[in-house]
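Data from work19.cif: mmCIF, C-alpha atoms
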data_work
loop_
_atom_site.label_atom_id
_atom_site.label_comp_id
_atom_site.auth_asym_id
_atom_site.auth_seq_id
_atom_site.Cartn_x
_atom_site.Cartn_y
_atom_site.Cartn_z
CA MET N 1 0.00 0.00 0.00
CA PHE N 2 3.01 2.23 0.28
CA THR N 3 3.29 2.67 -3.47
CA ALA N 4 -0.07 1.62 -4.93
CA PHE N 5 -2.21 3.98 -2.84
CA ASP N 6 -1.99 7.64 -1.96
CA ASP N 7 -3.89 9.87 0.50
CA VAL N 8 -4.10 6.90 2.85
CA SER N 9 -6.15 7.19 6.01
CA VAL N 10 -6.81 4.49 8.57
CA THR N 11 -9.87 4.28 10.80
CA VAL N 12 -10.36 1.73 13.55
CA VAL N 13 -14.05 0.89 13.50
CA SER N 14 -14.02 -1.68 16.30
CA ARG N 15 -11.51 -2.95 18.79
CA MET N 16 -11.49 -5.75 21.34
CA VAL N 17 -8.81 -6.71 23.83
CA ARG N 18 -9.04 -10.17 25.35
CA PRO N 19 -6.61 -12.17 27.47
CA ASP N 20 -5.82 -14.50 24.57
CA SER N 21 -5.76 -12.00 21.71
CA SER N 22 -6.52 -8.47 20.55
CA LEU N 23 -8.73 -7.71 17.58
CA ALA N 24 -9.27 -4.61 15.47
CA SER N 25 -11.44 -3.97 12.43
CA VAL N 26 -9.85 -1.28 10.32
CA VAL N 27 -10.96 0.66 7.26
CA VAL N 28 -8.07 1.81 5.08
CA SER N 29 -9.05 4.55 2.62
CA GLY N 30 -6.90 5.90 -0.15
CA ARG N 31 -6.52 6.64 -3.83
CA HIS N 32 -5.32 3.98 -6.27
CA VAL N 33 -2.27 5.55 -7.91
CA GLY N 34 0.03 2.57 -8.55
CA ALA N 35 -0.16 -0.99 -9.81
CA PHE N 36 -1.75 -3.36 -7.32
CA ALA N 37 -1.90 -7.10 -8.03
CA GLU N 38 -2.40 -6.86 -11.79
CA ALA N 39 -4.65 -3.80 -11.65
CA GLN N 40 -3.09 -0.73 -13.26
CA PRO N 41 -3.61 2.64 -11.50
CA THR N 42 -7.18 3.91 -11.78
CA GLY N 43 -6.98 7.08 -9.69
CA ARG N 44 -10.13 5.97 -7.91
CA PRO N 45 -10.78 6.40 -4.20
CA VAL N 46 -11.01 2.99 -2.55
CA ARG N 47 -11.72 1.53 0.87
CA LEU N 48 -10.26 -1.70 2.19
CA ILE N 49 -11.71 -3.40 5.26
CA VAL N 50 -9.16 -5.39 7.25
CA ASP N 51 -9.75 -7.54 10.30
CA ALA N 52 -6.55 -7.78 12.33
CA VAL N 53 -5.90 -10.18 15.20
CA ALA N 54 -2.72 -10.19 17.29
CA VAL N 55 -2.18 -13.62 18.81
CA PRO N 56 0.14 -14.02 21.81
CA ALA N 57 2.96 -16.54 21.82
CA GLU N 58 2.96 -19.30 24.43
CA GLU N 59 6.24 -18.01 25.81
CA GLY N 60 4.89 -14.47 26.03
CA GLY N 61 4.92 -11.55 23.65
CA VAL N 62 3.16 -11.58 20.30
CA GLY N 63 3.15 -14.85 18.35
CA ARG N 64 1.83 -13.53 15.09
CA LEU N 65 -0.38 -10.92 13.47
CA GLU N 66 -3.28 -12.29 11.43
CA LEU N 67 -4.77 -10.09 8.71
CA SER N 68 -7.99 -10.78 6.82
CA PRO N 69 -8.27 -8.08 4.14
CA ASP N 70 -11.42 -7.87 2.02
CA LEU N 71 -9.41 -8.14 -1.20
CA ARG N 72 -12.43 -9.09 -3.26
CA GLY N 73 -14.17 -5.91 -2.19
CA LEU N 74 -11.08 -3.90 -3.04
CA MET N 75 -10.73 -5.46 -6.48
CA ALA N 76 -14.40 -4.82 -7.18
CA GLN N 77 -13.81 -1.12 -6.49
CA LEU N 78 -10.78 -1.05 -8.78
CA ALA N 79 -12.92 -2.65 -11.49
CA ASP N 80 -15.54 0.08 -11.33
CA SER N 81 -15.52 0.35 -15.13
CA GLY N 82 -17.11 -3.07 -15.46
CA ASP N 83 -13.87 -5.00 -15.89
CA THR N 84 -14.60 -7.09 -12.85
CA LEU N 85 -14.41 -10.36 -14.73
CA ASP N 86 -10.95 -9.68 -16.09
CA LEU N 87 -9.67 -8.32 -12.79
CA ALA N 88 -11.09 -11.22 -10.81
CA SER N 89 -9.45 -13.65 -13.20
CA ALA N 90 -6.16 -11.80 -12.91
CA MET N 91 -6.40 -11.92 -9.12
CA VAL N 92 -7.00 -15.67 -9.14
CA ALA N 93 -4.11 -16.16 -11.57
CA ALA N 94 -1.81 -14.12 -9.32
CA VAL N 95 -2.78 -16.13 -6.25
CA ARG N 96 -2.23 -19.41 -8.08
CA GLU N 97 1.13 -18.27 -9.38
CA ASN N 98 2.28 -17.34 -5.91
CA GLU N 99 0.94 -20.44 -4.25
CA PRO N 100 0.34 -23.39 -6.60
CA ARG N 101 -1.44 -26.17 -4.77
CA GLU N 102 -3.59 -29.24 -5.09
CA GLY N 103 -7.22 -29.49 -4.01
CA PRO N 104 -9.77 -26.69 -3.62
CA GLN N 105 -8.97 -23.37 -5.26
CA TRP N 106 -10.63 -20.06 -5.97
CA GLN N 107 -12.72 -20.22 -9.13
CA VAL N 108 -14.20 -17.33 -11.09
CA VAL N 109 -17.91 -17.79 -11.68
CA GLU N 110 -19.21 -15.59 -14.48
CA PRO N 111 -22.80 -14.40 -14.39
CA PRO N 112 -25.10 -15.27 -17.31
CA PRO N 113 -24.90 -12.80 -20.27
CA HIS N 114 -28.19 -10.99 -19.52
CA ARG N 115 -27.13 -10.36 -15.94
CA ARG N 116 -23.61 -9.38 -17.00
CA ARG N 117 -25.04 -6.59 -19.17
CA ALA N 118 -27.13 -5.35 -16.27
CA LEU N 119 -24.09 -5.34 -14.04
CA ARG N 120 -22.03 -3.05 -16.24
CA GLY N 121 -21.45 0.48 -15.01
CA PRO N 122 -20.26 2.23 -11.86
CA GLY N 123 -20.18 -0.01 -8.84
CA ALA N 124 -20.84 -3.11 -10.88
CA VAL N 125 -19.58 -6.42 -9.61
CA GLY N 126 -19.93 -8.97 -12.37
CA ALA N 127 -18.08 -12.04 -11.15
CA ARG N 128 -18.05 -14.11 -8.03
CA LEU N 129 -15.15 -15.99 -6.55
CA VAL N 130 -16.00 -19.33 -5.04
CA TRP N 131 -13.81 -21.77 -3.15
CA SER N 132 -14.19 -25.17 -4.74
CA MET M 133 -2.19 -2.52 27.88
CA SER M 134 -1.38 -6.00 26.62
CA GLU M 135 1.43 -6.57 24.14
CA THR M 136 -1.05 -7.75 21.53
CA ALA M 137 -3.11 -4.57 21.88
CA ARG M 138 0.02 -2.42 21.75
CA LEU M 139 1.15 -4.12 18.55
CA LEU M 140 -2.19 -3.47 16.87
CA ASP M 141 -2.10 0.18 17.93
CA ASP M 142 1.46 0.62 16.66
CA VAL M 143 0.65 -1.04 13.34
CA VAL M 144 -2.44 1.11 12.84
CA LEU M 145 -0.47 4.28 13.61
CA ALA M 146 2.28 3.28 11.18
CA LEU M 147 -0.27 2.62 8.44
CA ALA M 148 -2.04 5.90 9.18
CA ASP M 149 1.29 7.72 8.81
CA ASP M 150 2.07 5.69 5.68
CA ASP M 151 5.40 5.04 7.36
CA ARG M 152 7.07 1.82 6.19
CA ASP M 153 9.95 2.13 8.66
CA ALA M 154 7.55 2.57 11.57
CA LEU M 155 5.65 -0.49 10.44
CA LEU M 156 8.86 -2.53 10.31
CA ALA M 157 9.79 -1.30 13.79
CA ALA M 158 6.32 -2.06 15.18
CA LEU M 159 6.31 -5.61 13.86
CA GLY M 160 9.89 -6.48 14.72
CA ASP M 161 10.20 -10.21 14.12
CA THR M 162 6.48 -10.87 14.39
CA PRO M 163 5.26 -13.08 11.53
CA VAL M 164 2.25 -11.83 9.58
CA ALA M 165 -0.39 -14.31 8.44
CA ILE M 166 -2.70 -13.25 5.63
CA HIS M 167 -5.97 -14.93 4.78
CA ASP M 168 -6.79 -14.91 1.08
CA GLY M 169 -8.60 -18.20 0.80
CA SER M 170 -6.26 -19.97 3.16
CA TRP M 171 -3.80 -18.81 5.76
CA ARG M 172 -0.24 -18.21 4.68
CA THR M 173 2.43 -16.80 6.92
CA LEU M 174 4.92 -14.19 5.76
CA THR M 175 8.13 -13.34 7.57
CA GLY M 176 10.91 -10.77 7.21
CA THR M 177 10.66 -8.25 4.38
CA GLU M 178 8.35 -10.67 2.57
CA ARG M 179 5.65 -9.08 4.74
CA PHE M 180 5.94 -5.84 2.76
CA ASP M 181 7.47 -6.61 -0.64
CA ARG M 182 4.29 -7.84 -2.28
#
In structure tokens, what does this structure look like?
Amino acid sequence: MFTAFDDVSVTVVSRMVRPDSSLASVVVSGRHVGAFAEAQPTGRPVRLIVDAVAVPAEEGGVGRLELSPDLRGLMAQLADSGDTLDLASAMVAAVRENEPREGPQWQVVEPPPHRRRALRGPGAVGARLVWS
Amino acid sequence: MSETARLLDDVVLALADDDRDALLAALGDTPVAIHDGSWRTLTGTERFDR
């Protein structure tokens, strides 16, 4: 995010501290000014929701930080022109390239043609990713 | 404040400042696990150079 996004602001929308872990839901806002995954800069304002959990180590201190970013939501915003299908496919390809594996994988499910036409335009999300 | 809560606060502040060095300092050696369909754990500079 240090090169792909500009005007970055971070808002903690919820926070919970428990004996076994600490959780925070964060909204990262910014402007898409650099290549991200395989999406070229769009100049669009975007928001990324991230759930973060800090898990303690058995021996004390922090064992690891777990991040669950809503990448699909982010990519849908970057694809505001209606290129969701291509971007979703590119995202799946990038994930597979980085982590080839057997068994279940993310699959791009294209909507039927009549629905795809209706989904074109600002805010459109034309494809779904399913884990199968 | 617990160490886990302090880490989250420091990471959020570093991100808010768009400060890569502060983020590195906040995380130290802490591994980062990212969920994008399945969990995968990143360590070292791999946590940022993506």
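Within the 12 Å cut-off around M:Ser134, using only C-alpha atoms and omitting residues fewer than 6 positions from it on the same chain, the listed residues are Met16, Val17, Arg18, Pro19, Asp20, Ser21, Ser22, Leu23, Ala54, Val55, Pro56, Gly60, Gly61 and Val62 of chain N; Leu140 and Asp141 of chain M.
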Exercise answer, chain N residues close to chain M, 10 Å and only C-alpha atoms, as a PDB file with C-alpha atoms, in the coordinates of the input:
ATOM      1  CA  MET N   1       0.000   0.000   0.000  1.00  0.00           C
ATOM      2  CA  PHE N   2       3.010   2.230   0.280  1.00  0.00           C
ATOM      3  CA  THR N   3       3.290   2.670  -3.470  1.00  0.00           C
ATOM      4  CA  PHE N   5      -2.210   3.980  -2.840  1.00  0.00           C
ATOM      5  CA  ASP N   6      -1.990   7.640  -1.960  1.00  0.00           C
ATOM      6  CA  ASP N   7      -3.890   9.870   0.500  1.00  0.00           C
ATOM      7  CA  VAL N   8      -4.100   6.900   2.850  1.00  0.00           C
ATOM      8  CA  SER N   9      -6.150   7.190   6.010  1.00  0.00           C
ATOM      9  CA  VAL N  10      -6.810   4.490   8.570  1.00  0.00           C
ATOM     10  CA  THR N  11      -9.870   4.280  10.800  1.00  0.00           C
ATOM     11  CA  VAL N  12     -10.360   1.730  13.550  1.00  0.00           C
ATOM     12  CA  ARG N  15     -11.510  -2.950  18.790  1.00  0.00           C
ATOM     13  CA  MET N  16     -11.490  -5.750  21.340  1.00  0.00           C
ATOM     14  CA  VAL N  17      -8.810  -6.710  23.830  1.00  0.00           C
ATOM     15  CA  ARG N  18      -9.040 -10.170  25.350  1.00  0.00           C
ATOM     16  CA  PRO N  19      -6.610 -12.170  27.470  1.00  0.00           C
ATOM     17  CA  ASP N  20      -5.820 -14.500  24.570  1.00  0.00           C
ATOM     18  CA  SER N  21      -5.760 -12.000  21.710  1.00  0.00           C
ATOM     19  CA  SER N  22      -6.520  -8.470  20.550  1.00  0.00           C
ATOM     20  CA  LEU N  23      -8.730  -7.710  17.580  1.00  0.00           C
ATOM     21  CA  ALA N  24      -9.270  -4.610  15.470  1.00  0.00           C
ATOM     22  CA  VAL N  26      -9.850  -1.280  10.320  1.00  0.00           C
ATOM     23  CA  VAL N  28      -8.070   1.810   5.080  1.00  0.00           C
ATOM     24  CA  SER N  29      -9.050   4.550   2.620  1.00  0.00           C
ATOM     25  CA  PHE N  36      -1.750  -3.360  -7.320  1.00  0.00           C
ATOM     26  CA  ALA N  37      -1.900  -7.100  -8.030  1.00  0.00           C
ATOM     27  CA  ASP N  51      -9.750  -7.540  10.300  1.00  0.00           C
ATOM     28  CA  ALA N  52      -6.550  -7.780  12.330  1.00  0.00           C
ATOM     29  CA  VAL N  53      -5.900 -10.180  15.200  1.00  0.00           C
ATOM     30  CA  ALA N  54      -2.720 -10.190  17.290  1.00  0.00           C
ATOM     31  CA  VAL N  55      -2.180 -13.620  18.810  1.00  0.00           C
ATOM     32  CA  PRO N  56       0.140 -14.020  21.810  1.00  0.00           C
ATOM     33  CA  ALA N  57       2.960 -16.540  21.820  1.00  0.00           C
ATOM     34  CA  GLY N  60       4.890 -14.470  26.030  1.00  0.00           C
ATOM     35  CA  GLY N  61       4.920 -11.550  23.650  1.00  0.00           C
ATOM     36  CA  VAL N  62       3.160 -11.580  20.300  1.00  0.00           C
ATOM     37  CA  GLY N  63       3.150 -14.850  18.350  1.00  0.00           C
ATOM     38  CA  ARG N  64       1.830 -13.530  15.090  1.00  0.00           C
ATOM     39  CA  LEU N  65      -0.380 -10.920  13.470  1.00  0.00           C
ATOM     40  CA  GLU N  66      -3.280 -12.290  11.430  1.00  0.00           C
ATOM     41  CA  LEU N  67      -4.770 -10.090   8.710  1.00  0.00           C
ATOM     42  CA  SER N  68      -7.990 -10.780   6.820  1.00  0.00           C
ATOM     43  CA  PRO N  69      -8.270  -8.080   4.140  1.00  0.00           C
ATOM     44  CA  ASP N  70     -11.420  -7.870   2.020  1.00  0.00           C
ATOM     45  CA  LEU N  71      -9.410  -8.140  -1.200  1.00  0.00           C
ATOM     46  CA  ARG N  72     -12.430  -9.090  -3.260  1.00  0.00           C
ATOM     47  CA  VAL N  95      -2.780 -16.130  -6.250  1.00  0.00           C
ATOM     48  CA  GLU N  99       0.940 -20.440  -4.250  1.00  0.00           C
ATOM     49  CA  PRO N 104      -9.770 -26.690  -3.620  1.00  0.00           C
ATOM     50  CA  GLN N 105      -8.970 -23.370  -5.260  1.00  0.00           C
ATOM     51  CA  TRP N 106     -10.630 -20.060  -5.970  1.00  0.00           C
ATOM     52  CA  VAL N 130     -16.000 -19.330  -5.040  1.00  0.00           C
ATOM     53  CA  TRP N 131     -13.810 -21.770  -3.150  1.00  0.00           C
TER      54      TRP N 131
END
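Note that the spacing between atom CA of M:Leu155 and atom CA of M:Asp142 amounts to 7.6 Å.
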The PyMOL selection byres ((chain N and resi 47) around 7) applied to the shown file, residues as a PyMOL selection string: chain N and resi 27-30+46+48-49+74
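Atom CA of N:Leu78 is found 7.3 Å from atom CA of N:Ala39.
Between atom CA of N:Arg31 and atom CA of N:Ala4 the interatomic distance comes to 8.2 Å.
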Take stretch 153-173 of chain M, model N, CA and C atoms, and hand the result over as an mmCIF file, keeping the file's coordinate frame.
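Full text of selection32.cif as output:
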data_model
loop_
_atom_site.group_PDB
_atom_site.id
_atom_site.type_symbol
_atom_site.label_atom_id
_atom_site.label_comp_id
_atom_site.auth_asym_id
_atom_site.auth_seq_id
_atom_site.Cartn_x
_atom_site.Cartn_y
_atom_site.Cartn_z
ATOM 1 N N ASP M 153 8.958 2.407 7.620
ATOM 2 C CA ASP M 153 9.950 2.130 8.660
ATOM 3 C C ASP M 153 9.282 1.921 10.015
ATOM 4 N N ALA M 154 8.262 2.729 10.300
ATOM 5 C CA ALA M 154 7.550 2.570 11.570
ATOM 6 C C ALA M 154 6.826 1.231 11.622
ATOM 7 N N LEU M 155 6.327 0.805 10.479
ATOM 8 C CA LEU M 155 5.650 -0.490 10.440
ATOM 9 C C LEU M 155 6.639 -1.623 10.690
ATOM 10 N N LEU M 156 7.817 -1.526 10.067
ATOM 11 C CA LEU M 156 8.860 -2.530 10.310
ATOM 12 C C LEU M 156 9.237 -2.561 11.787
ATOM 13 N N ALA M 157 9.393 -1.376 12.387
ATOM 14 C CA ALA M 157 9.790 -1.300 13.790
ATOM 15 C C ALA M 157 8.689 -1.871 14.687
ATOM 16 N N ALA M 158 7.432 -1.579 14.353
ATOM 17 C CA ALA M 158 6.320 -2.060 15.180
ATOM 18 C C ALA M 158 6.242 -3.590 15.157
ATOM 19 N N LEU M 159 6.444 -4.159 13.986
ATOM 20 C CA LEU M 159 6.310 -5.610 13.860
ATOM 21 C C LEU M 159 7.512 -6.363 14.385
ATOM 22 N N GLY M 160 8.702 -5.766 14.285
ATOM 23 C CA GLY M 160 9.890 -6.480 14.720
ATOM 24 C C GLY M 160 10.006 -7.801 13.982
ATOM 25 N N ASP M 161 10.092 -8.886 14.732
ATOM 26 C CA ASP M 161 10.200 -10.210 14.120
ATOM 27 C C ASP M 161 8.856 -10.926 14.029
ATOM 28 N N THR M 162 7.791 -10.226 14.354
ATOM 29 C CA THR M 162 6.480 -10.870 14.390
ATOM 30 C C THR M 162 6.059 -11.336 12.991
ATOM 31 N N PRO M 163 5.767 -12.611 12.824
ATOM 32 C CA PRO M 163 5.260 -13.080 11.530
ATOM 33 C C PRO M 163 3.878 -12.489 11.254
ATOM 34 N N VAL M 164 3.576 -12.330 9.995
ATOM 35 C CA VAL M 164 2.250 -11.830 9.580
ATOM 36 C C VAL M 164 1.577 -12.925 8.762
ATOM 37 N N ALA M 165 0.381 -13.302 9.180
ATOM 38 C CA ALA M 165 -0.390 -14.310 8.440
ATOM 39 C C ALA M 165 -1.528 -13.601 7.723
ATOM 40 N N ILE M 166 -1.656 -13.880 6.437
ATOM 41 C CA ILE M 166 -2.700 -13.250 5.630
ATOM 42 C C ILE M 166 -3.668 -14.308 5.147
ATOM 43 N N HIS M 167 -4.947 -13.993 5.224
ATOM 44 C CA HIS M 167 -5.970 -14.930 4.780
ATOM 45 C C HIS M 167 -6.513 -14.463 3.432
ATOM 46 N N ASP M 168 -6.204 -15.213 2.389
ATOM 47 C CA ASP M 168 -6.790 -14.910 1.080
ATOM 48 C C ASP M 168 -7.278 -16.210 0.466
ATOM 49 N N GLY M 169 -8.105 -16.902 1.211
ATOM 50 C CA GLY M 169 -8.600 -18.200 0.800
ATOM 51 C C GLY M 169 -8.079 -19.276 1.742
ATOM 52 N N SER M 170 -6.835 -19.120 2.126
ATOM 53 C CA SER M 170 -6.260 -19.970 3.160
ATOM 54 C C SER M 170 -5.191 -19.125 3.858
ATOM 55 N N TRP M 171 -4.798 -19.564 5.027
ATOM 56 C CA TRP M 171 -3.800 -18.810 5.760
ATOM 57 C C TRP M 171 -2.417 -19.060 5.172
ATOM 58 N N ARG M 172 -1.660 -18.037 4.989
ATOM 59 C CA ARG M 172 -0.240 -18.210 4.680
ATOM 60 C C ARG M 172 0.537 -17.180 5.481
ATOM 61 N N THR M 173 1.658 -17.623 6.007
ATOM 62 C CA THR M 173 2.430 -16.800 6.920
ATOM 63 C C THR M 173 3.640 -16.204 6.216
#
